[in-house]
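Participant: Contents of upload10.txt (compact mmCIF, C-alpha atoms and all ligand atoms) are below:
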```txt
# COMPACT_ATOMS: atom_id res chain seq x y z
CA MET A 1 202.07 -121.22 -208.24
CA ALA A 2 201.73 -124.71 -209.72
CA MET A 3 200.66 -124.89 -213.35
CA ILE A 4 199.47 -127.98 -215.19
CA ILE A 5 199.45 -127.71 -218.96
CA ALA A 6 197.52 -130.43 -220.84
CA ILE A 7 198.23 -130.83 -224.54
CA ASP A 8 196.16 -133.18 -226.68
CA GLY A 9 195.91 -133.78 -230.39
CA PRO A 10 196.13 -136.34 -233.18
CA ALA A 11 199.25 -138.12 -234.46
CA ALA A 12 202.14 -135.91 -235.58
CA SER A 13 200.30 -132.68 -234.80
CA GLY A 14 203.40 -131.25 -233.12
CA LYS A 15 202.22 -131.66 -229.53
CA GLY A 16 205.43 -133.40 -228.43
CA THR A 17 207.71 -130.64 -229.71
CA LEU A 18 205.39 -128.01 -228.28
CA GLY A 19 205.22 -129.81 -224.93
CA ARG A 20 209.01 -130.00 -224.68
CA ARG A 21 209.43 -126.32 -225.49
CA LEU A 22 206.73 -125.16 -223.09
CA ALA A 23 208.19 -127.33 -220.33
CA ALA A 24 211.68 -125.87 -220.88
CA HIS A 25 210.26 -122.33 -220.97
CA PHE A 26 208.35 -122.68 -217.70
CA GLY A 27 210.92 -124.95 -216.02
CA LEU A 28 208.37 -127.77 -215.66
CA PRO A 29 208.76 -131.53 -216.06
CA HIS A 30 207.30 -132.94 -219.28
CA LEU A 31 205.68 -136.29 -219.97
CA ASP A 32 204.99 -137.48 -223.50
CA THR A 33 202.25 -139.97 -222.55
CA GLY A 34 202.35 -141.61 -226.00
CA LEU A 35 205.61 -143.18 -224.82
CA LEU A 36 203.72 -145.13 -222.16
CA TYR A 37 201.51 -146.86 -224.74
CA ARG A 38 204.50 -147.30 -227.03
CA ALA A 39 206.42 -148.93 -224.16
CA VAL A 40 203.56 -151.36 -223.45
CA ALA A 41 203.47 -152.34 -227.15
CA HIS A 42 207.26 -152.65 -227.23
CA HIS A 43 207.23 -154.93 -224.21
CA LEU A 44 204.68 -157.27 -225.86
CA ILE A 45 206.60 -157.38 -229.12
CA SER A 46 209.96 -158.05 -227.41
CA ALA A 47 208.40 -160.78 -225.25
CA GLY A 48 206.85 -162.43 -228.32
CA GLU A 49 203.29 -161.84 -227.05
CA ALA A 50 200.37 -160.98 -229.36
CA LEU A 51 199.42 -157.29 -229.53
CA ASP A 52 195.79 -158.14 -228.81
CA ASP A 53 196.60 -160.08 -225.62
CA VAL A 54 194.74 -157.92 -223.09
CA ALA A 55 196.07 -159.75 -220.01
CA ALA A 56 199.71 -159.45 -221.14
CA ALA A 57 199.25 -155.80 -222.17
CA THR A 58 197.64 -154.94 -218.84
CA ALA A 59 200.43 -156.66 -216.90
CA ALA A 60 203.01 -154.73 -218.95
CA ALA A 61 201.19 -151.45 -218.26
CA ARG A 62 201.07 -152.16 -214.51
CA ALA A 63 204.79 -152.92 -214.45
CA LEU A 64 205.78 -149.82 -216.42
CA ASP A 65 208.55 -147.71 -214.93
CA LEU A 66 208.59 -144.03 -215.95
CA GLN A 67 212.33 -143.86 -215.34
CA ARG A 68 212.99 -146.56 -217.89
CA LEU A 69 211.24 -145.29 -221.02
CA ASP A 70 213.80 -145.82 -223.75
CA ASP A 71 213.03 -143.18 -226.37
CA ALA A 72 214.96 -144.47 -229.35
CA ALA A 73 213.38 -147.91 -229.39
CA LEU A 74 209.88 -146.49 -228.99
CA ARG A 75 209.77 -143.70 -231.57
CA GLY A 76 209.52 -145.72 -234.79
CA ARG A 77 206.54 -145.88 -237.10
CA ALA A 78 205.54 -149.46 -236.32
CA MET A 79 205.52 -148.74 -232.58
CA GLY A 80 203.04 -145.86 -233.03
CA GLU A 81 200.66 -148.18 -234.80
CA ALA A 82 201.13 -150.94 -232.20
CA ALA A 83 200.65 -148.39 -229.39
CA SER A 84 197.24 -147.39 -230.72
CA ILE A 85 196.11 -151.04 -230.52
CA VAL A 86 197.00 -151.49 -226.83
CA ALA A 87 195.79 -147.93 -226.08
CA ALA A 88 192.25 -148.98 -227.01
CA MET A 89 192.18 -151.49 -224.10
CA PRO A 90 190.36 -150.01 -221.08
CA SER A 91 192.42 -152.05 -218.57
CA VAL A 92 195.69 -150.80 -220.09
CA ARG A 93 194.50 -147.18 -219.84
CA GLU A 94 193.30 -147.69 -216.30
CA ALA A 95 196.67 -149.15 -215.27
CA LEU A 96 198.38 -145.96 -216.46
CA VAL A 97 196.09 -143.35 -214.88
CA ALA A 98 197.65 -143.13 -211.39
CA LEU A 99 201.17 -142.77 -212.73
CA GLN A 100 200.16 -139.93 -215.08
CA ARG A 101 198.21 -138.12 -212.35
CA ALA A 102 201.15 -138.46 -209.95
CA PHE A 103 203.40 -136.92 -212.60
CA ALA A 104 200.94 -134.06 -213.12
CA GLY A 105 200.65 -133.53 -209.37
CA GLN A 106 204.31 -132.62 -208.80
CA PRO A 107 204.67 -129.50 -206.64
CA GLY A 108 205.39 -126.93 -209.40
CA GLY A 109 203.06 -128.56 -211.91
CA ALA A 110 203.90 -130.29 -215.20
CA VAL A 111 203.30 -130.45 -218.94
CA LEU A 112 201.69 -133.63 -220.28
CA ASP A 113 200.84 -134.39 -223.88
CA GLY A 114 198.67 -137.14 -225.31
CA ARG A 115 195.11 -137.83 -226.39
CA ASP A 116 193.08 -137.73 -223.17
CA ILE A 117 195.03 -135.44 -220.86
CA GLY A 118 192.49 -132.61 -220.77
CA THR A 119 189.48 -134.93 -220.80
CA VAL A 120 190.42 -137.83 -218.48
CA ILE A 121 193.85 -137.56 -216.85
CA CYS A 122 193.86 -133.90 -215.80
CA PRO A 123 190.35 -132.51 -216.24
CA GLY A 124 191.29 -129.68 -213.85
CA ALA A 125 194.44 -128.63 -215.77
CA ASP A 126 195.16 -124.89 -215.68
CA VAL A 127 195.57 -124.67 -219.44
CA LYS A 128 194.33 -127.13 -222.06
CA LEU A 129 195.58 -126.99 -225.62
CA PHE A 130 194.23 -129.09 -228.46
CA VAL A 131 196.80 -129.08 -231.23
CA THR A 132 195.74 -129.98 -234.77
CA ALA A 133 197.03 -129.75 -238.32
CA SER A 134 195.72 -131.13 -241.61
CA ALA A 135 196.38 -134.84 -242.16
CA GLU A 136 198.56 -134.00 -245.20
CA GLU A 137 200.76 -131.62 -243.20
CA ARG A 138 201.05 -134.13 -240.35
CA ALA A 139 202.09 -136.82 -242.83
CA ARG A 140 204.78 -134.49 -244.23
CA ARG A 141 206.11 -133.80 -240.72
CA ARG A 142 206.15 -137.47 -239.78
CA TRP A 143 207.92 -138.30 -243.03
CA ARG A 144 210.64 -135.70 -242.34
CA GLU A 145 211.02 -137.00 -238.79
CA LEU A 146 211.40 -140.62 -239.96
CA VAL A 147 213.91 -139.69 -242.66
CA ALA A 148 215.93 -137.78 -240.05
CA ARG A 149 215.91 -140.94 -237.89
CA GLY A 150 217.23 -142.97 -240.81
CA GLU A 151 213.86 -144.70 -241.30
CA PRO A 152 212.96 -143.80 -244.90
CA ALA A 153 209.27 -144.16 -245.70
CA ASP A 154 206.69 -143.51 -248.35
CA GLN A 155 204.66 -140.32 -247.81
CA ALA A 156 201.42 -141.81 -249.14
CA ALA A 157 201.76 -144.80 -246.79
CA ILE A 158 202.37 -142.46 -243.86
CA LEU A 159 199.25 -140.45 -244.70
CA GLU A 160 197.32 -143.72 -244.73
CA ASP A 161 198.83 -144.65 -241.30
CA ILE A 162 197.86 -141.29 -239.87
CA ARG A 163 194.28 -141.52 -241.11
CA ARG A 164 193.90 -145.06 -239.75
CA ARG A 165 195.36 -144.06 -236.37
CA ASP A 166 193.15 -140.93 -236.19
CA ARG A 167 190.13 -143.15 -236.75
CA ARG A 168 191.17 -145.76 -234.20
CA ASP A 169 191.98 -143.10 -231.56
CA ALA A 170 188.78 -141.13 -232.14
CA GLU A 171 186.41 -144.08 -232.35
CA ARG A 172 187.53 -146.17 -229.36
CA ALA A 173 185.08 -146.42 -226.49
CA THR A 174 187.48 -145.53 -223.65
CA ALA A 175 189.08 -142.08 -223.52
CA PRO A 176 188.82 -141.38 -227.25
CA LEU A 177 190.70 -138.49 -228.80
CA ALA A 178 188.34 -135.58 -228.14
CA VAL A 179 188.52 -131.84 -227.56
CA ALA A 180 187.78 -130.92 -223.92
CA SER A 181 185.01 -128.32 -223.72
CA ASP A 182 187.43 -125.84 -222.13
CA ALA A 183 190.40 -126.56 -224.43
CA HIS A 184 191.96 -123.93 -226.67
CA GLN A 185 192.39 -125.20 -230.19
CA LEU A 186 195.65 -124.48 -231.96
CA ASP A 187 195.79 -125.28 -235.68
CA THR A 188 199.46 -125.53 -236.67
CA THR A 189 198.94 -126.40 -240.35
CA HIS A 190 200.52 -123.09 -241.36
CA LEU A 191 202.81 -122.64 -238.36
CA ASP A 192 206.37 -123.85 -237.89
CA ALA A 193 207.59 -124.97 -234.45
CA ASP A 194 208.47 -121.38 -233.44
CA GLY A 195 205.08 -120.11 -234.59
CA ALA A 196 203.22 -122.84 -232.70
CA PHE A 197 205.27 -122.12 -229.57
CA ALA A 198 204.55 -118.38 -229.78
CA ALA A 199 200.83 -119.00 -230.31
CA ALA A 200 200.71 -121.39 -227.35
CA LEU A 201 202.52 -118.91 -225.11
CA GLY A 202 199.93 -116.28 -226.11
CA ILE A 203 197.06 -118.59 -225.12
CA ILE A 204 198.72 -119.56 -221.83
CA SER A 205 199.43 -116.00 -220.78
CA SER A 206 195.89 -114.86 -221.52
CA VAL A 207 194.40 -117.84 -219.64
CA MET A 208 196.66 -117.24 -216.62
CA ALA A 209 195.98 -113.49 -216.69
CA SER A 210 192.21 -113.99 -216.69
CA ARG A 211 192.56 -116.43 -213.78
CA THR A 212 194.49 -113.95 -211.65
CA LYS A 213 191.76 -111.36 -212.24
CA SER A 214 188.88 -113.64 -211.28
O1 LIG B 1 203.68 -139.15 -231.87
P1 LIG B 1 202.34 -139.68 -232.28
O2 LIG B 1 201.29 -138.64 -232.14
O3 LIG B 1 202.36 -140.39 -233.58
O4 LIG B 1 201.99 -140.83 -231.30
P2 LIG B 1 202.00 -140.88 -229.72
O5 LIG B 1 201.55 -139.58 -229.14
O6 LIG B 1 203.32 -141.41 -229.28
O7 LIG B 1 200.86 -141.95 -229.42
C1 LIG B 1 200.90 -143.26 -229.95
C2 LIG B 1 199.52 -143.88 -229.74
O8 LIG B 1 199.30 -144.02 -228.33
C3 LIG B 1 198.34 -143.03 -230.23
O9 LIG B 1 197.96 -143.32 -231.56
C4 LIG B 1 197.23 -143.38 -229.25
O10 LIG B 1 196.50 -144.50 -229.66
C5 LIG B 1 197.96 -143.75 -227.99
N1 LIG B 1 197.86 -142.70 -226.95
C6 LIG B 1 196.72 -142.65 -226.18
O11 LIG B 1 195.78 -143.41 -226.42
N2 LIG B 1 196.60 -141.77 -225.16
C7 LIG B 1 197.59 -140.91 -224.89
N3 LIG B 1 197.45 -140.08 -223.84
C8 LIG B 1 198.75 -140.91 -225.67
C9 LIG B 1 198.87 -141.82 -226.72
```
Starting from the file, give its structure as structure tokens.

Facilitator:
Amino acid sequence: MAMIIAIDGPAASGKGTLGRRLAAHFGLPHLDTGLLYRAVAHHLISAGEALDDVAAATAAARALDLQRLDDAALRGRAMGEAASIVAAMPSVREALVALQRAFAGQPGGAVLDGRDIGTVICPGADVKLFVTASAEERARRRWRELVARGEPADQAAILEDIRRRDRRDAERATAPLAVASDAHQLDTTHLDADGAFAAALGIISSVMASRTKS
């Protein structure tokens, strides 16, 4: 039986790690959709285009190739910020819808994480998780991640980044960060990666069990 798992949540909430682990557990392909917006921003920056150039950003989104998302170049702090600027452009989002839906529609299903998976990309997903954590805890996690990547940063500045990005993602007109009405919220403030994974598995098995009954 195919199973689509949609995971949404704010910056550094742990949805990427959770998505990877769930995908490995269920043997499903995983798409971190944040990488798409990061790749569009990266393309503009490398080509010397302005980040607010809607035509250039839309062309970059249309030309995006899922097979060629280069993780290392896209994961940095500046790219997350730049991604949230192009992600607010309706034409960029629209250019990326078909590709995400095609990924979700693979025969066995898929795991996708992002901001609008449960609301816009896969409103019919079998399981929707909305992963949150306090802004302070998310800033600590992002700081640890950046240090591990050899990108030392100031924790207070990261907290500021996270708050600004939360605002931009939640307040934009198209596909804002929002909890789908049928999403299960998972607050990971006091959970480590294993705890979040176990909690998510619990939610998924109860959702799937209630579906088989009905
Ligand atoms: O890892 P982190 O949560 O910091 O960022 P990300 O998931 O890679 O997303 C980077 C930016 O892309 C976000 O701040 C959003 O503005 C945008 N994004 C989006 O609009 N829709 C998605 N489905 C995924 C990301």

Participant: Tell me, as a ChimeraX atom specification, which residues lie within 9 Å of region 157-173 of chain A, counting all atoms listed in the file; anything in the same chain fewer than 5 positions away does not count.

Facilitator: /A:10-12,77,80-81,84-85,87-90,115,135-136,138-140,142-143,178

Participant: Which of these residues is nearest to Val127 (chain A), using all atoms listed in the file: A:Ala72, A:Leu28, A:Ala199, A:Val111?

Facilitator: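 Ranked by minimum distance to Val127 (chain A), first place goes to A:Val111.
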
Participant: Quick one: residues within 9 Å of region 32-36 of chain A, only C-alpha atoms counted, chain neighbours fewer than 3 positions away excluded, as JSON, numbers by chain?

Facilitator: {"A": [15, 16, 19, 20, 39, 40, 41, 61, 64, 66, 69, 70, 71, 74, 75, 80, 83, 96, 100, 111, 112, 113, 114, 115, 117]}

Participant: Next, dump the selected residues to file, keeping only C-alpha atoms, as a JSON list (two decimals), in the coordinates of the input.

Facilitator:
```json
[["chain", "number", "residue", "atom", "x", "y", "z"],
["A", 15, "LYS", "CA", 202.22, -131.66, -229.53],
["A", 16, "GLY", "CA", 205.43, -133.40, -228.43],
["A", 19, "GLY", "CA", 205.22, -129.81, -224.93],
["A", 20, "ARG", "CA", 209.01, -130.00, -224.68],
["A", 39, "ALA", "CA", 206.42, -148.93, -224.16],
["A", 40, "VAL", "CA", 203.56, -151.36, -223.45],
["A", 41, "ALA", "CA", 203.47, -152.34, -227.15],
["A", 61, "ALA", "CA", 201.19, -151.45, -218.26],
["A", 64, "LEU", "CA", 205.78, -149.82, -216.42],
["A", 66, "LEU", "CA", 208.59, -144.03, -215.95],
["A", 69, "LEU", "CA", 211.24, -145.29, -221.02],
["A", 70, "ASP", "CA", 213.80, -145.82, -223.75],
["A", 71, "ASP", "CA", 213.03, -143.18, -226.37],
["A", 74, "LEU", "CA", 209.88, -146.49, -228.99],
["A", 75, "ARG", "CA", 209.77, -143.70, -231.57],
["A", 80, "GLY", "CA", 203.04, -145.86, -233.03],
["A", 83, "ALA", "CA", 200.65, -148.39, -229.39],
["A", 96, "LEU", "CA", 198.38, -145.96, -216.46],
["A", 100, "GLN", "CA", 200.16, -139.93, -215.08],
["A", 111, "VAL", "CA", 203.30, -130.45, -218.94],
["A", 112, "LEU", "CA", 201.69, -133.63, -220.28],
["A", 113, "ASP", "CA", 200.84, -134.39, -223.88],
["A", 114, "GLY", "CA", 198.67, -137.14, -225.31],
["A", 115, "ARG", "CA", 195.11, -137.83, -226.39],
["A", 117, "ILE", "CA", 195.03, -135.44, -220.86]]
```

Participant: Do you have the CA of Arg21 (chain A)-CA of Ala102 (chain A) distance handy?

Facilitator: 21.4 Å

Participant: Which one is closest to Thr188 (chain A): A:Ala82, A:Glu137, A:Glu151, A:Gln106? Count only C-alpha atoms.

Facilitator: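 Comparing A:Ala82, A:Glu137, A:Glu151, A:Gln106 against Thr188 (chain A), the winner is A:Glu137.
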
Participant: Can you measure CA of Val86 (chain A) to atom O7 of ligand LIG 1 (chain B) for me? One decimal in Å is fine.

Facilitator: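 According to the coordinates, CA of Val86 (chain A) and atom O7 of ligand LIG 1 (chain B) are separated by 10.6 Å.
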
Participant: Return as AutoDock Vina command-line options the box centre and box size in Å, one decimal, for an axis-aligned box around all listed atoms of ligand LIG 1 (chain B) padded by 8 Å per side.

Facilitator:
```
--center_x 199.7 --center_y -141.6 --center_z -228.7 --size_x 23.9 --size_y 21.9 --size_z 25.7
```

Participant: Which is closer to Ala125 (chain A) than all the others in A:Asp187, A:Asp53, A:Asp194, A:Asp182, using only C-alpha atoms?

Facilitator: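 Answer, going by the shortest atom-to-atom distance: A:Asp182.
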
Participant: Skip Ala198 (chain A) itself and residues of its chain fewer than 6 positions away, then list as a ChimeraX atom specification all residues within 12 Å of it, counting all atoms listed in the file.

Facilitator: /A:18,21-22,25,186,188,191-192,204-205

Participant: Distance CA of Ile121 (chain A)-CA of Arg62 (chain A), one decimal place?

Facilitator: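 Separating CA of Ile121 (chain A) from CA of Arg62 (chain A) is a distance of 16.5 Å.
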
Participant: Which residue out of A:Thr119, A:Ser181, A:Ser134, A:Gln155 has the minimum interatomic distance to ligand LIG 1 (chain B) when only C-alpha atoms and all ligand atoms are used?

Facilitator: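 Nearest to ligand LIG 1 (chain B): A:Thr119.
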
Participant: Calculated over only C-alpha atoms and all ligand atoms, which of the candidates A:Arg38, A:Arg149, A:Arg144, A:Lys128 has the smallest distance to ligand LIG 1 (chain B)?

Facilitator: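 Using only C-alpha atoms and all ligand atoms, ligand LIG 1 (chain B) sits closest to A:Arg38.
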
Participant: Rank nothing, just name the residue among A:Asp65, A:Glu145, A:Glu49, A:Asp126 nearest to ligand LIG 1 (chain B), using all atoms listed in the file.

Facilitator: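 Smallest separation from ligand LIG 1 (chain B) among the options: A:Glu145.
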
Participant: Starting from the incomplete input, reconstruct N, CA and C atoms of region 171-200 of chain A and report them as a PDB file, in the coordinates of the input.

Facilitator:
```pdb
ATOM      1  N   GLU A 171     187.612-143.247-232.424  1.00  0.00           N
ATOM      2  CA  GLU A 171     186.410-144.080-232.350  1.00  0.00           C
ATOM      3  C   GLU A 171     186.401-145.057-231.179  1.00  0.00           C
ATOM      4  N   ARG A 172     187.518-145.186-230.449  1.00  0.00           N
ATOM      5  CA  ARG A 172     187.530-146.170-229.360  1.00  0.00           C
ATOM      6  C   ARG A 172     186.572-145.726-228.248  1.00  0.00           C
ATOM      7  N   ALA A 173     186.101-146.719-227.493  1.00  0.00           N
ATOM      8  CA  ALA A 173     185.080-146.420-226.490  1.00  0.00           C
ATOM      9  C   ALA A 173     185.670-145.720-225.268  1.00  0.00           C
ATOM     10  N   THR A 174     186.895-146.104-224.870  1.00  0.00           N
ATOM     11  CA  THR A 174     187.480-145.530-223.650  1.00  0.00           C
ATOM     12  C   THR A 174     188.431-144.394-223.983  1.00  0.00           C
ATOM     13  N   ALA A 175     188.204-143.234-223.369  1.00  0.00           N
ATOM     14  CA  ALA A 175     189.080-142.080-223.520  1.00  0.00           C
ATOM     15  C   ALA A 175     189.458-141.806-224.981  1.00  0.00           C
ATOM     16  N   PRO A 176     188.479-141.646-225.851  1.00  0.00           N
ATOM     17  CA  PRO A 176     188.820-141.380-227.250  1.00  0.00           C
ATOM     18  C   PRO A 176     189.445-139.993-227.394  1.00  0.00           C
ATOM     19  N   LEU A 177     190.132-139.805-228.509  1.00  0.00           N
ATOM     20  CA  LEU A 177     190.700-138.490-228.800  1.00  0.00           C
ATOM     21  C   LEU A 177     189.535-137.516-228.965  1.00  0.00           C
ATOM     22  N   ALA A 178     189.454-136.528-228.086  1.00  0.00           N
ATOM     23  CA  ALA A 178     188.340-135.580-228.140  1.00  0.00           C
ATOM     24  C   ALA A 178     188.807-134.242-227.587  1.00  0.00           C
ATOM     25  N   VAL A 179     188.153-133.173-228.039  1.00  0.00           N
ATOM     26  CA  VAL A 179     188.520-131.840-227.560  1.00  0.00           C
ATOM     27  C   VAL A 179     187.752-131.566-226.266  1.00  0.00           C
ATOM     28  N   ALA A 180     188.466-131.270-225.183  1.00  0.00           N
ATOM     29  CA  ALA A 180     187.780-130.920-223.920  1.00  0.00           C
ATOM     30  C   ALA A 180     187.003-129.633-224.157  1.00  0.00           C
ATOM     31  N   SER A 181     185.868-129.484-223.455  1.00  0.00           N
ATOM     32  CA  SER A 181     185.010-128.320-223.720  1.00  0.00           C
ATOM     33  C   SER A 181     185.738-127.009-223.407  1.00  0.00           C
ATOM     34  N   ASP A 182     186.708-127.063-222.472  1.00  0.00           N
ATOM     35  CA  ASP A 182     187.430-125.840-222.130  1.00  0.00           C
ATOM     36  C   ASP A 182     188.843-125.796-222.719  1.00  0.00           C
ATOM     37  N   ALA A 183     189.062-126.572-223.803  1.00  0.00           N
ATOM     38  CA  ALA A 183     190.400-126.560-224.430  1.00  0.00           C
ATOM     39  C   ALA A 183     190.487-125.429-225.458  1.00  0.00           C
ATOM     40  N   HIS A 184     191.703-124.944-225.648  1.00  0.00           N
ATOM     41  CA  HIS A 184     191.960-123.930-226.670  1.00  0.00           C
ATOM     42  C   HIS A 184     192.555-124.633-227.874  1.00  0.00           C
ATOM     43  N   GLN A 185     191.900-124.494-229.006  1.00  0.00           N
ATOM     44  CA  GLN A 185     192.390-125.200-230.190  1.00  0.00           C
ATOM     45  C   GLN A 185     193.491-124.396-230.864  1.00  0.00           C
ATOM     46  N   LEU A 186     194.513-125.125-231.292  1.00  0.00           N
ATOM     47  CA  LEU A 186     195.650-124.480-231.960  1.00  0.00           C
ATOM     48  C   LEU A 186     195.913-125.253-233.255  1.00  0.00           C
ATOM     49  N   ASP A 187     195.566-124.639-234.381  1.00  0.00           N
ATOM     50  CA  ASP A 187     195.790-125.280-235.680  1.00  0.00           C
ATOM     51  C   ASP A 187     197.167-124.872-236.189  1.00  0.00           C
ATOM     52  N   THR A 188     198.077-125.844-236.296  1.00  0.00           N
ATOM     53  CA  THR A 188     199.460-125.530-236.670  1.00  0.00           C
ATOM     54  C   THR A 188     199.760-125.829-238.137  1.00  0.00           C
ATOM     55  N   THR A 189     198.708-126.053-238.940  1.00  0.00           N
ATOM     56  CA  THR A 189     198.940-126.400-240.350  1.00  0.00           C
ATOM     57  C   THR A 189     199.890-125.401-241.013  1.00  0.00           C
ATOM     58  N   HIS A 190     199.694-124.115-240.708  1.00  0.00           N
ATOM     59  CA  HIS A 190     200.520-123.090-241.360  1.00  0.00           C
ATOM     60  C   HIS A 190     201.540-122.476-240.414  1.00  0.00           C
ATOM     61  N   LEU A 191     201.830-123.174-239.326  1.00  0.00           N
ATOM     62  CA  LEU A 191     202.810-122.640-238.360  1.00  0.00           C
ATOM     63  C   LEU A 191     204.011-123.573-238.280  1.00  0.00           C
ATOM     64  N   ASP A 192     205.216-122.994-238.169  1.00  0.00           N
ATOM     65  CA  ASP A 192     206.370-123.850-237.890  1.00  0.00           C
ATOM     66  C   ASP A 192     206.455-123.998-236.356  1.00  0.00           C
ATOM     67  N   ALA A 193     207.509-124.695-235.884  1.00  0.00           N
ATOM     68  CA  ALA A 193     207.590-124.970-234.450  1.00  0.00           C
ATOM     69  C   ALA A 193     207.660-123.669-233.640  1.00  0.00           C
ATOM     70  N   ASP A 194     208.381-122.664-234.159  1.00  0.00           N
ATOM     71  CA  ASP A 194     208.470-121.380-233.440  1.00  0.00           C
ATOM     72  C   ASP A 194     207.112-120.693-233.388  1.00  0.00           C
ATOM     73  N   GLY A 195     206.392-120.750-234.520  1.00  0.00           N
ATOM     74  CA  GLY A 195     205.080-120.110-234.590  1.00  0.00           C
ATOM     75  C   GLY A 195     204.088-120.776-233.641  1.00  0.00           C
ATOM     76  N   ALA A 196     204.140-122.111-233.589  1.00  0.00           N
ATOM     77  CA  ALA A 196     203.220-122.840-232.700  1.00  0.00           C
ATOM     78  C   ALA A 196     203.545-122.516-231.238  1.00  0.00           C
ATOM     79  N   PHE A 197     204.836-122.433-230.941  1.00  0.00           N
ATOM     80  CA  PHE A 197     205.270-122.120-229.570  1.00  0.00           C
ATOM     81  C   PHE A 197     204.787-120.721-229.180  1.00  0.00           C
ATOM     82  N   ALA A 198     204.971-119.755-230.078  1.00  0.00           N
ATOM     83  CA  ALA A 198     204.550-118.380-229.780  1.00  0.00           C
ATOM     84  C   ALA A 198     203.029-118.312-229.579  1.00  0.00           C
ATOM     85  N   ALA A 199     202.293-119.020-230.436  1.00  0.00           N
ATOM     86  CA  ALA A 199     200.830-119.000-230.310  1.00  0.00           C
ATOM     87  C   ALA A 199     200.397-119.634-228.989  1.00  0.00           C
ATOM     88  N   ALA A 200     201.055-120.721-228.602  1.00  0.00           N
ATOM     89  CA  ALA A 200     200.710-121.390-227.350  1.00  0.00           C
ATOM     90  C   ALA A 200     201.016-120.490-226.155  1.00  0.00           C
TER      91      ALA A 200
END
```
